[in-house]
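Text of the file target-v1.txt, holding compact mmCIF, C-alpha atoms:
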# COMPACT_ATOMS: atom_id res chain seq x y z
CA MET U 1 49.91 -15.36 -17.86
CA SER U 2 52.26 -18.27 -17.44
CA ALA U 3 55.84 -19.16 -16.77
CA PRO U 4 57.85 -20.93 -19.47
CA ALA U 5 56.67 -24.45 -20.19
CA LYS U 6 58.39 -27.19 -18.17
CA PRO U 7 57.68 -30.40 -20.03
CA SER U 8 57.19 -33.65 -18.09
CA LEU U 9 57.09 -36.80 -20.16
CA GLU U 10 55.30 -38.93 -17.55
CA PRO U 11 52.46 -40.52 -19.52
CA ILE U 12 48.84 -40.08 -18.42
CA THR U 13 47.21 -43.47 -18.03
CA SER U 14 43.96 -42.59 -16.22
CA ARG U 15 41.66 -39.76 -15.17
CA ALA U 16 42.43 -40.63 -11.53
CA GLN U 17 46.06 -39.76 -12.20
CA LEU U 18 45.03 -36.19 -12.97
CA ALA U 19 43.20 -35.85 -9.65
CA ASP U 20 46.23 -37.34 -7.90
CA TRP U 21 48.41 -34.73 -9.60
CA LEU U 22 46.30 -31.97 -8.03
CA ALA U 23 46.22 -33.75 -4.67
CA SER U 24 50.02 -33.98 -4.65
CA GLY U 25 50.07 -30.26 -3.93
CA SER U 26 48.75 -30.92 -0.41
CA LYS U 27 51.32 -30.18 2.28
CA PRO U 28 51.46 -29.72 6.07
CA LYS U 29 50.84 -26.23 7.41
CA GLU U 30 54.47 -25.65 8.31
CA ASN U 31 55.32 -25.99 4.61
CA TRP U 32 52.70 -23.55 3.33
CA ARG U 33 54.21 -20.76 1.28
CA ILE U 34 53.21 -17.47 -0.37
CA GLY U 35 53.80 -16.90 -4.08
CA THR U 36 52.96 -13.39 -5.28
CA GLU U 37 52.70 -12.29 -8.90
CA HIS U 38 52.20 -8.83 -10.29
CA GLU U 39 52.04 -7.34 -13.78
CA LYS U 40 52.85 -3.79 -14.84
CA PHE U 41 52.61 -1.72 -18.01
CA ALA U 42 55.94 -0.65 -19.48
CA PHE U 43 55.94 2.64 -21.41
CA THR U 44 58.37 5.08 -22.98
CA THR U 45 58.56 8.13 -20.75
CA ASP U 46 58.68 10.73 -23.52
CA ASP U 47 55.50 9.70 -25.38
CA LEU U 48 53.89 7.23 -22.90
CA ARG U 49 53.58 4.49 -25.54
CA PRO U 50 53.67 0.73 -24.90
CA LEU U 51 57.01 -0.89 -25.66
CA PRO U 52 57.68 -2.98 -28.76
CA TYR U 53 59.69 -6.15 -28.33
CA ASP U 54 62.72 -5.08 -30.38
CA GLY U 55 64.59 -1.81 -30.55
CA PRO U 56 66.82 0.25 -28.25
CA ARG U 57 63.91 0.89 -25.87
CA GLY U 58 62.10 -2.40 -26.30
CA ILE U 59 61.17 -5.27 -24.02
CA LYS U 60 64.17 -7.30 -25.14
CA ALA U 61 66.51 -4.48 -24.13
CA LEU U 62 64.84 -4.40 -20.73
CA LEU U 63 65.21 -8.17 -20.25
CA ASP U 64 68.83 -8.04 -21.41
CA GLY U 65 69.48 -5.30 -18.88
CA LEU U 66 68.06 -7.34 -16.01
CA VAL U 67 70.58 -10.12 -16.62
CA ARG U 68 73.13 -8.04 -14.71
CA PHE U 69 71.27 -8.90 -11.49
CA GLY U 70 71.75 -12.65 -11.92
CA TRP U 71 68.65 -13.51 -13.93
CA HIS U 72 69.02 -16.29 -16.50
CA PRO U 73 67.41 -15.72 -19.92
CA VAL U 74 64.93 -18.16 -21.45
CA ALA U 75 64.53 -18.04 -25.24
CA GLU U 76 61.84 -19.19 -27.65
CA ASN U 77 62.71 -19.29 -31.34
CA GLY U 78 65.72 -17.09 -30.64
CA ASN U 79 63.75 -14.46 -28.69
CA VAL U 80 64.31 -13.94 -24.97
CA ILE U 81 60.81 -14.25 -23.52
CA ALA U 82 61.49 -14.82 -19.80
CA LEU U 83 64.09 -14.68 -17.05
CA LEU U 84 64.63 -17.14 -14.20
CA ASP U 85 66.61 -16.88 -10.98
CA ASP U 86 67.91 -19.40 -8.47
CA THR U 87 65.06 -18.87 -5.95
CA GLY U 88 62.26 -20.08 -8.23
CA ALA U 89 61.14 -16.60 -9.28
CA SER U 90 60.69 -15.57 -12.91
CA VAL U 91 60.13 -12.47 -15.01
CA THR U 92 57.75 -13.19 -17.88
CA LEU U 93 55.94 -11.28 -20.61
CA GLU U 94 52.24 -10.83 -21.14
CA PRO U 95 50.99 -10.57 -24.74
CA GLY U 96 51.05 -6.76 -24.90
CA GLY U 97 54.46 -6.42 -23.29
CA GLN U 98 53.25 -6.23 -19.71
CA VAL U 99 56.11 -7.30 -17.45
CA GLU U 100 55.28 -9.85 -14.76
CA LEU U 101 57.20 -10.89 -11.68
CA SER U 102 56.23 -14.41 -10.60
CA GLY U 103 57.72 -14.52 -7.14
CA ALA U 104 59.39 -17.38 -5.35
CA PRO U 105 57.42 -19.41 -2.77
CA LEU U 106 58.21 -17.50 0.45
CA GLU U 107 57.52 -18.11 4.12
CA ASP U 108 56.09 -14.73 5.16
CA LEU U 109 54.84 -11.41 3.87
CA HIS U 110 57.93 -9.51 4.99
CA GLN U 111 59.92 -11.62 2.54
CA THR U 112 57.28 -10.98 -0.12
CA ASN U 113 57.52 -7.24 0.45
CA CYS U 114 61.31 -7.38 0.19
CA GLU U 115 61.13 -9.45 -3.00
CA THR U 116 58.79 -6.97 -4.65
CA TYR U 117 60.90 -4.00 -3.57
CA THR U 118 64.07 -5.62 -4.92
CA HIS U 119 62.44 -6.44 -8.26
CA LEU U 120 61.05 -2.94 -8.72
CA LYS U 121 64.42 -1.45 -7.82
CA GLN U 122 66.08 -3.61 -10.47
CA VAL U 123 63.64 -2.82 -13.27
CA LYS U 124 63.71 0.88 -12.46
CA GLU U 125 67.50 0.92 -12.60
CA VAL U 126 67.49 -0.68 -16.04
CA ALA U 127 64.55 1.39 -17.23
CA GLN U 128 66.10 4.70 -16.25
CA ASP U 129 68.91 4.20 -18.76
CA LEU U 130 66.39 3.27 -21.47
CA GLY U 131 63.84 6.03 -20.90
CA ILE U 132 61.20 3.54 -19.76
CA GLY U 133 58.64 3.76 -16.97
CA PHE U 134 56.26 1.27 -15.34
CA LEU U 135 52.62 1.86 -14.50
CA GLY U 136 50.63 0.10 -11.80
CA MET U 137 46.90 -0.17 -12.56
CA GLY U 138 44.41 -2.69 -13.91
CA PHE U 139 43.78 -1.57 -17.51
CA GLN U 140 45.88 0.40 -20.00
CA PRO U 141 44.26 3.86 -19.65
CA LYS U 142 45.34 5.50 -22.90
CA TRP U 143 46.28 3.22 -25.78
CA SER U 144 44.06 1.04 -27.95
CA ARG U 145 44.58 -2.57 -29.01
CA ALA U 146 45.91 -1.31 -32.35
CA ASP U 147 48.51 0.80 -30.54
CA THR U 148 49.80 -2.18 -28.56
CA PRO U 149 52.62 -4.35 -29.97
CA TRP U 150 52.38 -8.14 -29.63
CA MET U 151 55.13 -10.15 -27.98
CA PRO U 152 56.76 -13.03 -29.94
CA LYS U 153 55.50 -16.01 -27.94
CA GLY U 154 53.99 -19.00 -29.72
CA ARG U 155 51.07 -19.55 -27.34
CA TYR U 156 50.00 -15.92 -27.76
CA LYS U 157 49.69 -16.27 -31.53
CA ILE U 158 47.33 -19.22 -31.05
CA MET U 159 45.29 -17.41 -28.41
CA ARG U 160 45.16 -14.24 -30.51
CA GLU U 161 43.46 -16.12 -33.32
CA TYR U 162 41.10 -18.12 -31.10
CA MET U 163 39.98 -15.49 -28.56
CA PRO U 164 37.70 -13.46 -30.87
CA LYS U 165 35.75 -16.63 -31.63
CA ARG U 166 34.66 -16.92 -28.00
CA GLY U 167 34.13 -13.34 -26.78
CA SER U 168 34.52 -9.69 -27.68
CA LYS U 169 37.04 -8.75 -24.98
CA GLY U 170 39.61 -11.54 -25.02
CA LEU U 171 42.17 -9.48 -26.91
CA ASP U 172 41.70 -6.64 -24.43
CA MET U 173 42.42 -9.13 -21.66
CA MET U 174 45.63 -10.18 -23.38
CA LEU U 175 46.92 -6.77 -24.40
CA ARG U 176 45.58 -4.22 -21.97
CA THR U 177 45.14 -5.68 -18.46
CA CYS U 178 47.38 -6.11 -15.43
CA THR U 179 46.71 -7.91 -12.17
CA VAL U 180 48.27 -8.79 -8.84
CA GLN U 181 47.60 -12.27 -7.53
CA VAL U 182 48.78 -14.65 -4.85
CA ASN U 183 49.24 -18.43 -4.92
CA LEU U 184 48.53 -20.26 -1.67
CA ASP U 185 48.76 -23.82 -0.38
CA PHE U 186 46.32 -26.28 1.14
CA ALA U 187 46.73 -29.19 3.55
CA SER U 188 44.25 -31.66 2.08
CA GLU U 189 41.30 -31.97 -0.25
CA ALA U 190 38.92 -30.80 2.49
CA ASP U 191 41.13 -27.80 3.24
CA MET U 192 41.34 -26.97 -0.45
CA VAL U 193 37.55 -27.08 -0.78
CA LYS U 194 37.00 -24.74 2.16
CA LYS U 195 39.63 -22.27 0.93
CA PHE U 196 38.33 -22.43 -2.63
CA ARG U 197 34.76 -21.66 -1.54
CA VAL U 198 35.68 -18.77 0.75
CA SER U 199 38.09 -17.16 -1.71
CA LEU U 200 35.75 -17.59 -4.69
CA ALA U 201 32.83 -16.02 -2.81
CA LEU U 202 34.99 -13.10 -1.65
CA GLN U 203 36.82 -12.50 -4.92
CA PRO U 204 34.42 -9.63 -5.83
CA LEU U 205 35.45 -7.95 -2.58
CA ALA U 206 39.07 -8.03 -3.71
CA THR U 207 37.93 -6.65 -7.06
CA ALA U 208 36.29 -3.68 -5.30
CA LEU U 209 39.14 -2.99 -2.87
CA PHE U 210 41.73 -3.05 -5.66
CA ALA U 211 39.61 -1.43 -8.40
CA SER U 212 41.95 0.92 -10.28
CA SER U 213 41.03 0.78 -13.95
CA PRO U 214 38.26 3.30 -14.72
CA PHE U 215 39.60 4.41 -18.13
CA ILE U 216 39.62 2.92 -21.65
CA ASP U 217 41.08 4.73 -24.66
CA GLY U 218 41.75 7.85 -22.60
CA LYS U 219 38.19 8.27 -21.32
CA PRO U 220 36.14 7.06 -18.34
CA SER U 221 34.73 3.62 -19.15
CA GLY U 222 31.76 3.79 -16.79
CA LEU U 223 33.43 1.09 -14.70
CA LEU U 224 35.70 1.10 -11.68
CA SER U 225 37.49 -2.09 -12.77
CA SER U 226 37.59 -2.33 -16.54
CA ARG U 227 40.00 -5.22 -16.06
CA SER U 228 37.48 -7.26 -14.11
CA ASP U 229 34.72 -6.51 -16.60
CA VAL U 230 36.87 -7.82 -19.47
CA TRP U 231 36.69 -11.33 -18.04
CA THR U 232 32.89 -11.36 -18.34
CA ASP U 233 33.19 -11.51 -22.15
CA THR U 234 36.49 -13.31 -22.76
CA ASP U 235 35.49 -16.97 -23.04
CA PRO U 236 32.55 -18.55 -21.19
CA ASP U 237 34.23 -21.97 -21.37
CA ARG U 238 37.12 -20.96 -19.12
CA CYS U 239 36.09 -17.96 -16.98
CA GLY U 240 33.68 -17.15 -14.19
CA MET U 241 32.55 -18.06 -10.67
CA LEU U 242 32.42 -21.89 -11.05
CA PRO U 243 29.07 -22.77 -9.39
CA PHE U 244 30.11 -26.42 -9.02
CA VAL U 245 32.70 -25.43 -6.40
CA PHE U 246 29.85 -24.80 -3.95
CA GLU U 247 28.05 -28.07 -4.69
CA ASP U 248 28.16 -31.15 -2.47
CA GLY U 249 30.91 -33.55 -3.48
CA PHE U 250 33.26 -30.95 -4.91
CA GLY U 251 36.91 -31.98 -4.80
CA PHE U 252 39.91 -32.70 -6.98
CA GLU U 253 38.05 -35.07 -9.28
CA ARG U 254 35.29 -32.57 -9.98
CA TYR U 255 37.85 -29.91 -10.90
CA VAL U 256 39.53 -32.41 -13.23
CA ASP U 257 36.19 -32.93 -14.97
CA TYR U 258 35.85 -29.17 -15.39
CA MET U 259 39.32 -28.89 -16.90
CA LEU U 260 38.72 -31.84 -19.24
CA ASP U 261 35.77 -29.88 -20.63
CA VAL U 262 37.73 -26.65 -21.10
CA PRO U 263 38.71 -26.55 -24.80
CA MET U 264 42.43 -26.67 -25.47
CA TYR U 265 44.65 -23.95 -26.88
CA PHE U 266 47.85 -25.80 -27.78
CA VAL U 267 50.25 -28.70 -27.24
CA TYR U 268 53.92 -27.93 -26.60
CA ARG U 269 56.32 -30.23 -28.47
CA ASP U 270 60.04 -29.87 -29.19
CA GLY U 271 60.10 -26.18 -28.36
CA GLN U 272 57.05 -25.34 -30.49
CA TYR U 273 53.39 -24.63 -29.75
CA ILE U 274 51.06 -26.75 -31.90
CA ASP U 275 47.64 -25.21 -32.46
CA ALA U 276 44.93 -27.36 -30.85
CA SER U 277 42.51 -24.50 -30.21
CA GLY U 278 38.97 -25.63 -29.50
CA GLN U 279 39.94 -29.30 -29.37
CA SER U 280 39.17 -31.66 -26.48
CA PHE U 281 41.61 -32.89 -23.85
CA ARG U 282 39.31 -35.89 -23.39
CA ALA U 283 39.94 -36.76 -27.03
CA PHE U 284 43.66 -36.28 -26.40
CA LEU U 285 43.49 -38.86 -23.60
CA ASP U 286 42.01 -41.32 -26.09
CA GLY U 287 44.64 -40.59 -28.75
CA ARG U 288 42.07 -38.81 -30.92
CA LEU U 289 43.36 -35.21 -30.85
CA PRO U 290 43.15 -33.84 -34.42
CA ALA U 291 46.29 -31.76 -33.87
CA LEU U 292 48.33 -34.85 -32.89
CA PRO U 293 46.47 -37.95 -34.13
CA GLY U 294 47.51 -41.15 -32.41
CA GLN U 295 49.41 -39.40 -29.63
CA VAL U 296 48.36 -39.33 -25.99
CA PRO U 297 49.23 -36.60 -23.46
CA ASN U 298 51.80 -36.54 -20.70
CA ILE U 299 51.69 -34.74 -17.36
CA GLY U 300 53.47 -31.76 -18.88
CA ASP U 301 50.58 -31.37 -21.33
CA TRP U 302 48.12 -31.45 -18.44
CA ALA U 303 50.12 -28.84 -16.49
CA ASP U 304 50.11 -26.59 -19.55
CA HIS U 305 46.38 -27.09 -20.06
CA MET U 306 45.71 -26.10 -16.45
CA THR U 307 47.12 -22.65 -17.23
CA THR U 308 44.53 -22.02 -19.95
CA ALA U 309 41.48 -21.71 -17.69
CA PHE U 310 40.85 -18.29 -16.15
CA PRO U 311 38.21 -18.52 -13.40
CA GLU U 312 38.20 -16.01 -10.55
CA VAL U 313 40.07 -18.59 -8.45
CA ARG U 314 42.18 -21.22 -10.20
CA LEU U 315 43.27 -24.58 -8.84
CA LYS U 316 46.58 -26.17 -9.76
CA LYS U 317 48.80 -27.70 -7.10
CA PHE U 318 47.89 -24.56 -5.16
CA LEU U 319 45.10 -21.99 -5.29
CA GLU U 320 45.47 -18.76 -7.28
CA MET U 321 43.56 -15.62 -6.26
CA ARG U 322 42.82 -13.81 -9.53
CA GLY U 323 40.29 -11.01 -8.83
CA ALA U 324 42.41 -7.89 -8.26
CA ASP U 325 43.61 -5.04 -10.45
CA GLY U 326 47.29 -4.25 -10.54
CA GLY U 327 48.22 -1.17 -8.57
CA PRO U 328 50.95 0.88 -6.91
CA TRP U 329 53.65 -0.40 -4.62
CA ARG U 330 51.72 -0.54 -1.35
CA ARG U 331 48.87 -2.62 -2.76
CA LEU U 332 51.20 -5.25 -4.21
CA SER U 333 51.91 -6.48 -0.68
CA ALA U 334 48.34 -5.87 0.47
CA LEU U 335 46.84 -8.51 -1.83
CA PRO U 336 48.78 -11.47 -0.41
CA ALA U 337 48.25 -10.04 3.09
CA PHE U 338 44.49 -10.05 2.56
CA TRP U 339 44.32 -13.68 1.46
CA VAL U 340 47.01 -15.10 3.76
CA GLY U 341 45.22 -13.53 6.71
CA LEU U 342 41.92 -15.12 5.71
CA LEU U 343 43.05 -18.54 4.49
CA TYR U 344 46.10 -19.52 6.56
CA ASP U 345 44.43 -19.45 10.01
CA ASP U 346 41.81 -22.13 10.66
CA ALA U 347 39.62 -20.11 13.01
CA VAL U 348 39.64 -17.07 10.72
CA LEU U 349 38.88 -19.27 7.70
CA ASP U 350 35.83 -20.65 9.52
CA ALA U 351 34.73 -17.12 10.44
CA ALA U 352 35.13 -15.99 6.83
CA TRP U 353 32.98 -18.92 5.68
CA ASP U 354 30.31 -17.78 8.13
CA VAL U 355 30.25 -14.41 6.33
CA VAL U 356 29.59 -15.92 2.89
CA LYS U 357 27.98 -19.34 3.43
CA ASP U 358 24.37 -18.18 3.15
CA TRP U 359 24.80 -16.36 -0.16
CA SER U 360 22.98 -18.07 -3.01
CA MET U 361 24.72 -18.74 -6.30
CA ALA U 362 22.55 -16.08 -7.89
CA GLU U 363 23.75 -13.57 -5.28
CA ARG U 364 27.39 -14.54 -5.87
CA GLU U 365 26.99 -14.07 -9.61
CA GLN U 366 25.25 -10.72 -9.15
CA LEU U 367 28.01 -9.53 -6.83
CA ARG U 368 30.58 -10.57 -9.42
CA ALA U 369 28.71 -8.45 -12.00
CA ASP U 370 28.22 -5.47 -9.68
CA ALA U 371 31.68 -5.13 -8.12
CA PRO U 372 33.44 -3.82 -11.27
CA ARG U 373 30.71 -1.17 -11.67
CA LEU U 374 29.80 -0.22 -8.12
CA GLY U 375 32.87 -1.08 -6.10
CA LEU U 376 32.22 -0.97 -2.37
CA ARG U 377 28.66 0.26 -2.98
CA ALA U 378 27.64 -3.16 -4.29
CA GLN U 379 25.22 -5.12 -2.11
CA VAL U 380 24.90 -8.80 -1.22
CA GLY U 381 22.77 -10.50 1.40
CA GLY U 382 21.34 -7.15 2.49
CA ARG U 383 24.77 -5.68 3.26
CA SER U 384 27.04 -3.28 1.41
CA LEU U 385 30.39 -4.54 0.19
CA ARG U 386 31.97 -1.75 2.24
CA ASP U 387 30.42 -3.14 5.42
CA ILE U 388 31.61 -6.62 4.51
CA ALA U 389 35.07 -5.25 3.71
CA VAL U 390 35.45 -3.76 7.19
CA GLU U 391 34.47 -7.07 8.79
CA VAL U 392 36.58 -9.26 6.52
CA LEU U 393 39.65 -7.05 6.79
CA GLY U 394 39.32 -7.30 10.57
CA LEU U 395 39.37 -11.08 10.22
CA ALA U 396 42.38 -10.96 7.90
CA ALA U 397 44.26 -8.74 10.36
CA GLN U 398 43.54 -11.20 13.15
CA GLY U 399 44.76 -14.08 11.01
CA LEU U 400 48.01 -12.26 10.31
CA ARG U 401 48.54 -11.35 13.95
CA ASN U 402 47.99 -14.99 14.89
CA ARG U 403 50.84 -16.01 12.57
CA GLN U 404 53.30 -13.97 14.68
CA ARG U 405 55.71 -13.31 11.85
CA PHE U 406 57.67 -10.15 12.71
CA ASN U 407 59.95 -7.88 10.72
CA ASP U 408 63.18 -6.32 11.98
CA SER U 409 61.15 -3.57 13.65
CA GLY U 410 59.05 -6.07 15.57
CA ARG U 411 55.89 -5.46 13.52
CA ASP U 412 53.68 -8.33 12.37
CA GLU U 413 52.30 -8.95 8.88
CA SER U 414 49.05 -7.06 9.52
CA ILE U 415 50.87 -3.82 8.64
CA TYR U 416 50.41 -4.69 4.96
CA LEU U 417 46.63 -4.35 5.30
CA ASP U 418 46.80 -0.65 6.21
CA THR U 419 46.15 0.57 2.67
CA LEU U 420 43.08 -1.67 2.28
CA GLN U 421 41.70 -0.70 5.67
CA ALA U 422 41.94 2.95 4.64
CA ILE U 423 40.03 2.20 1.42
CA ALA U 424 37.30 0.34 3.32
CA ALA U 425 37.00 3.09 5.92
CA SER U 426 36.57 5.73 3.22
CA GLY U 427 34.20 3.66 1.10
CA ARG U 428 36.05 4.95 -2.00
CA THR U 429 37.90 2.68 -4.38
CA PRO U 430 41.22 3.80 -5.90
CA ALA U 431 39.37 4.14 -9.22
CA GLU U 432 37.06 6.78 -7.74
CA ASP U 433 40.08 8.81 -6.66
CA MET U 434 41.37 8.60 -10.24
CA LEU U 435 38.04 9.73 -11.67
CA GLU U 436 37.92 12.69 -9.32
CA ALA U 437 41.43 13.71 -10.39
CA TYR U 438 40.52 13.28 -14.07
CA ALA U 439 37.52 15.59 -13.69
CA GLY U 440 39.53 18.10 -11.69
CA ARG U 441 43.25 18.68 -11.55
CA TRP U 442 44.08 16.41 -14.51
CA GLY U 443 41.89 18.53 -16.76
CA GLY U 444 40.18 15.64 -18.55
CA SER U 445 43.45 13.88 -19.45
CA VAL U 446 44.74 10.48 -18.37
CA ASP U 447 48.36 11.41 -19.07
CA PRO U 448 49.12 12.37 -15.44
CA ILE U 449 48.49 8.73 -14.47
CA PHE U 450 51.82 7.82 -16.06
CA SER U 451 53.66 9.90 -13.49
CA GLU U 452 51.39 9.72 -10.43
CA TYR U 453 50.89 5.95 -10.60
CA ALA U 454 54.30 4.98 -11.94
CA TYR U 455 56.54 2.79 -9.80

I need this file expressed as structure tokens, please.
Amino acid sequence: MSAPAKPSLEPITSRAQLADWLASGSKPKENWRIGTEHEKFAFTTDDLRPLPYDGPRGIKALLDGLVRFGWHPVAENGNVIALLDDTGASVTLEPGGQVELSGAPLEDLHQTNCETYTHLKQVKEVAQDLGIGFLGMGFQPKWSRADTPWMPKGRYKIMREYMPKRGSKGLDMMLRTCTVQVNLDFASEADMVKKFRVSLALQPLATALFASSPFIDGKPSGLLSSRSDVWTDTDPDRCGMLPFVFEDGFGFERYVDYMLDVPMYFVYRDGQYIDASGQSFRAFLDGRLPALPGQVPNIGDWADHMTTAFPEVRLKKFLEMRGADGGPWRRLSALPAFWVGLLYDDAVLDAAWDVVKDWSMAEREQLRADAPRLGLRAQVGGRSLRDIAVEVLGLAAQGLRNRQRFNDSGRDESIYLDTLQAIAASGRTPAEDMLEAYAGRWGGSVDPIFSEYAY
């Protein structure tokens, strides 16, 4: 959900400063990087239960074990809650003990693939000694909220208390979901706008291609992506498809206005999270925040606040693609391949915009609602999502071939799209394969998931 807070005491003196902060992420194409994040469910292999924080087979024991590979622990109130390395990568905890790798900003997808492989090798080595496994899918298939231990992070306590006031599924989001996402750069405000619009319109396609969460509480949920559906009833103030992104005049300032209207969760001061849930960042700018009367925010407060909005695509000093379920090894590299191929080649980006530019906002919203239920059978603009997937994946492959980044075997980055191209060709999401197995060889049990879909 977020890396450890990195306070900056630079005072905020104007709204324009906040737009400038976003704009400072702009960089020339040769400096564009790829930052991939993925979450996974940790479980005890004998009884398949989620891990507590403490204990001989807890999350803390796992983090302590990873230190042997050169990771540096980060503590909050005496509890290790994250690990950092010297490349800029981190290992962090989600509220229900999901383990996240936030990768370093890398130059190509071959490096991304290697980074993911190395991380999974490390966690598996530690986990083997502890009797722990890791599951790659979008929603915890077996255990309820009540069965899931909470991690000891201050921001999660505040969110835990506030979430139920805004939606019925916010605690499910916190405790029982996993995603894979990629963070990508932009050259300018105009480039950001084009990338934001294309990626936001196509986020439901990623949801369908990666859909792998058809179970809740051990039974079929009626959905293909229960994870994606959770976001539709988490908090209307901070989730969704952001219609204003497609309006004339959208840019950094308009996104700042959106974020100023997103209610706050907290302020981080002196190593502690101060509850400011539901309060206004605009009031904070004026020194009228009830949680800290008379104080005004700094840039570190703004950076923290930016992490508390959860739209399908999120803008910070880069763009975050947020629409995909977590999944097995091969799909962890496929997600960044999909978006790098579409967004990092100018001609392909223009062609992708041609695919989506005539969709109305009502059609975009309907597609967002349909993709978690129907997968590649969803329709938009008179076409099936499967048909669009075949076309868009062809564009992404061309974008990756144009980059001419080769591995040691002389193969370009388009190899990482193979798994998605197979899904599109079949018209079947990963979730549908799971449901077929559940009704057949799994005998109406989700337990086999913990071996078949484990890393």

Write out, as JSON lines, each residue of segment 166-194 of chain U that has an atom at most 10 Å from segment 340-353 of chain U, together with the closest pair of atoms and their distance in Å to one decimal, counting only C-alpha atoms, rows going by chain and rising number.
{"residue": "U:Val182", "atom": "CA", "partner": "U:Val340", "partner_atom": "CA", "distance": 8.8}
{"residue": "U:Asn183", "atom": "CA", "partner": "U:Val340", "partner_atom": "CA", "distance": 9.6}
{"residue": "U:Leu184", "atom": "CA", "partner": "U:Val340", "partner_atom": "CA", "distance": 7.6}
{"residue": "U:Asp185", "atom": "CA", "partner": "U:Tyr344", "partner_atom": "CA", "distance": 8.6}
{"residue": "U:Phe186", "atom": "CA", "partner": "U:Tyr344", "partner_atom": "CA", "distance": 8.7}
{"residue": "U:Asp191", "atom": "CA", "partner": "U:Asp346", "partner_atom": "CA", "distance": 9.4}
{"residue": "U:Met192", "atom": "CA", "partner": "U:Leu343", "partner_atom": "CA", "distance": 9.9}
{"residue": "U:Lys194", "atom": "CA", "partner": "U:Trp353", "partner_atom": "CA", "distance": 7.9}

If you take all atoms listed in the file and a cut-off of 12 Å, which residues of segment 9-54 of chain U touch segment 427-447 of chain U, and what are their nearest atom pairs and distances in Å to one decimal, in chain and number order, as a tab-separated table?
residue	atom	partner	partner_atom	distance
U:Phe43	CA	U:Asp447	CA	11.8
U:Thr45	CA	U:Asp447	CA	10.8
U:Asp46	CA	U:Asp447	CA	11.3
U:Asp47	CA	U:Asp447	CA	9.7
U:Leu48	CA	U:Asp447	CA	7.9
U:Arg49	CA	U:Asp447	CA	10.8

Choose the residue, out of U:Leu209, U:Val123, U:Ala362, U:Ala424, that has the smallest atom-to-atom separation from Leu66 of chain U; count all atoms listed in the file.
U:Val123

Set the distance at 12 Å and use only C-alpha atoms: which residues neighbour segment 276-292 of chain U once local chain neighbours fewer than 4 positions away are removed? I'd like the list as a PyMOL selection string.
chain U and resi 11-15+17-18+155-163+165-166+235+237-238+256-269+296-299+301-306+308

Restricted to C-alpha atoms, what would the selected residues look like written as a compact mmCIF listing (two decimals), in the coordinates of the input?
# COMPACT_ATOMS: atom_id res chain seq x y z
CA PRO U 11 52.46 -40.52 -19.52
CA ILE U 12 48.84 -40.08 -18.42
CA THR U 13 47.21 -43.47 -18.03
CA SER U 14 43.96 -42.59 -16.22
CA ARG U 15 41.66 -39.76 -15.17
CA GLN U 17 46.06 -39.76 -12.20
CA LEU U 18 45.03 -36.19 -12.97
CA ARG U 155 51.07 -19.55 -27.34
CA TYR U 156 50.00 -15.92 -27.76
CA LYS U 157 49.69 -16.27 -31.53
CA ILE U 158 47.33 -19.22 -31.05
CA MET U 159 45.29 -17.41 -28.41
CA ARG U 160 45.16 -14.24 -30.51
CA GLU U 161 43.46 -16.12 -33.32
CA TYR U 162 41.10 -18.12 -31.10
CA MET U 163 39.98 -15.49 -28.56
CA LYS U 165 35.75 -16.63 -31.63
CA ARG U 166 34.66 -16.92 -28.00
CA ASP U 235 35.49 -16.97 -23.04
CA ASP U 237 34.23 -21.97 -21.37
CA ARG U 238 37.12 -20.96 -19.12
CA VAL U 256 39.53 -32.41 -13.23
CA ASP U 257 36.19 -32.93 -14.97
CA TYR U 258 35.85 -29.17 -15.39
CA MET U 259 39.32 -28.89 -16.90
CA LEU U 260 38.72 -31.84 -19.24
CA ASP U 261 35.77 -29.88 -20.63
CA VAL U 262 37.73 -26.65 -21.10
CA PRO U 263 38.71 -26.55 -24.80
CA MET U 264 42.43 -26.67 -25.47
CA TYR U 265 44.65 -23.95 -26.88
CA PHE U 266 47.85 -25.80 -27.78
CA VAL U 267 50.25 -28.70 -27.24
CA TYR U 268 53.92 -27.93 -26.60
CA ARG U 269 56.32 -30.23 -28.47
CA VAL U 296 48.36 -39.33 -25.99
CA PRO U 297 49.23 -36.60 -23.46
CA ASN U 298 51.80 -36.54 -20.70
CA ILE U 299 51.69 -34.74 -17.36
CA ASP U 301 50.58 -31.37 -21.33
CA TRP U 302 48.12 -31.45 -18.44
CA ALA U 303 50.12 -28.84 -16.49
CA ASP U 304 50.11 -26.59 -19.55
CA HIS U 305 46.38 -27.09 -20.06
CA MET U 306 45.71 -26.10 -16.45
CA THR U 308 44.53 -22.02 -19.95

Would you work out the distance separating atom CA of His110 of chain U from atom CA of Ile34 of chain U, expressed in Å to one decimal?
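Separation of atom CA of His110 of chain U and atom CA of Ile34 of chain U: 10.7 Å.
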
For a test of reading the model, state the distance in Å between atom CA of Thr419 of chain U and atom CA of Arg33 of chain U, rounded to one decimal.
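Going from atom CA of Thr419 of chain U over to atom CA of Arg33 of chain U, I get 22.8 Å.
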
Would you pick out the contacts of segment 363-376 of chain U at 8 Å or less, using all atoms listed in the file, so that residues sharing its chain but fewer than 5 positions from it are not included, and give the list as a PyMOL selection string?
chain U and resi 201+203-205+207-209+211+222-226+228-229+241+381+384-386+389+424+427-429

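Residues with any atom within 12 Å of Gln404 of chain U, counting all atoms listed in the file and excluding same-chain neighbours fewer than 2 positions away, are U:Asp108, U:Leu109, U:His110, U:Gly341, U:Asp345, U:Ala397, U:Gln398, U:Gly399, U:Leu400, U:Arg401, U:Asn402, U:Phe406, U:Asn407, U:Gly410, U:Arg411, U:Asp412, U:Glu413, U:Ser414.
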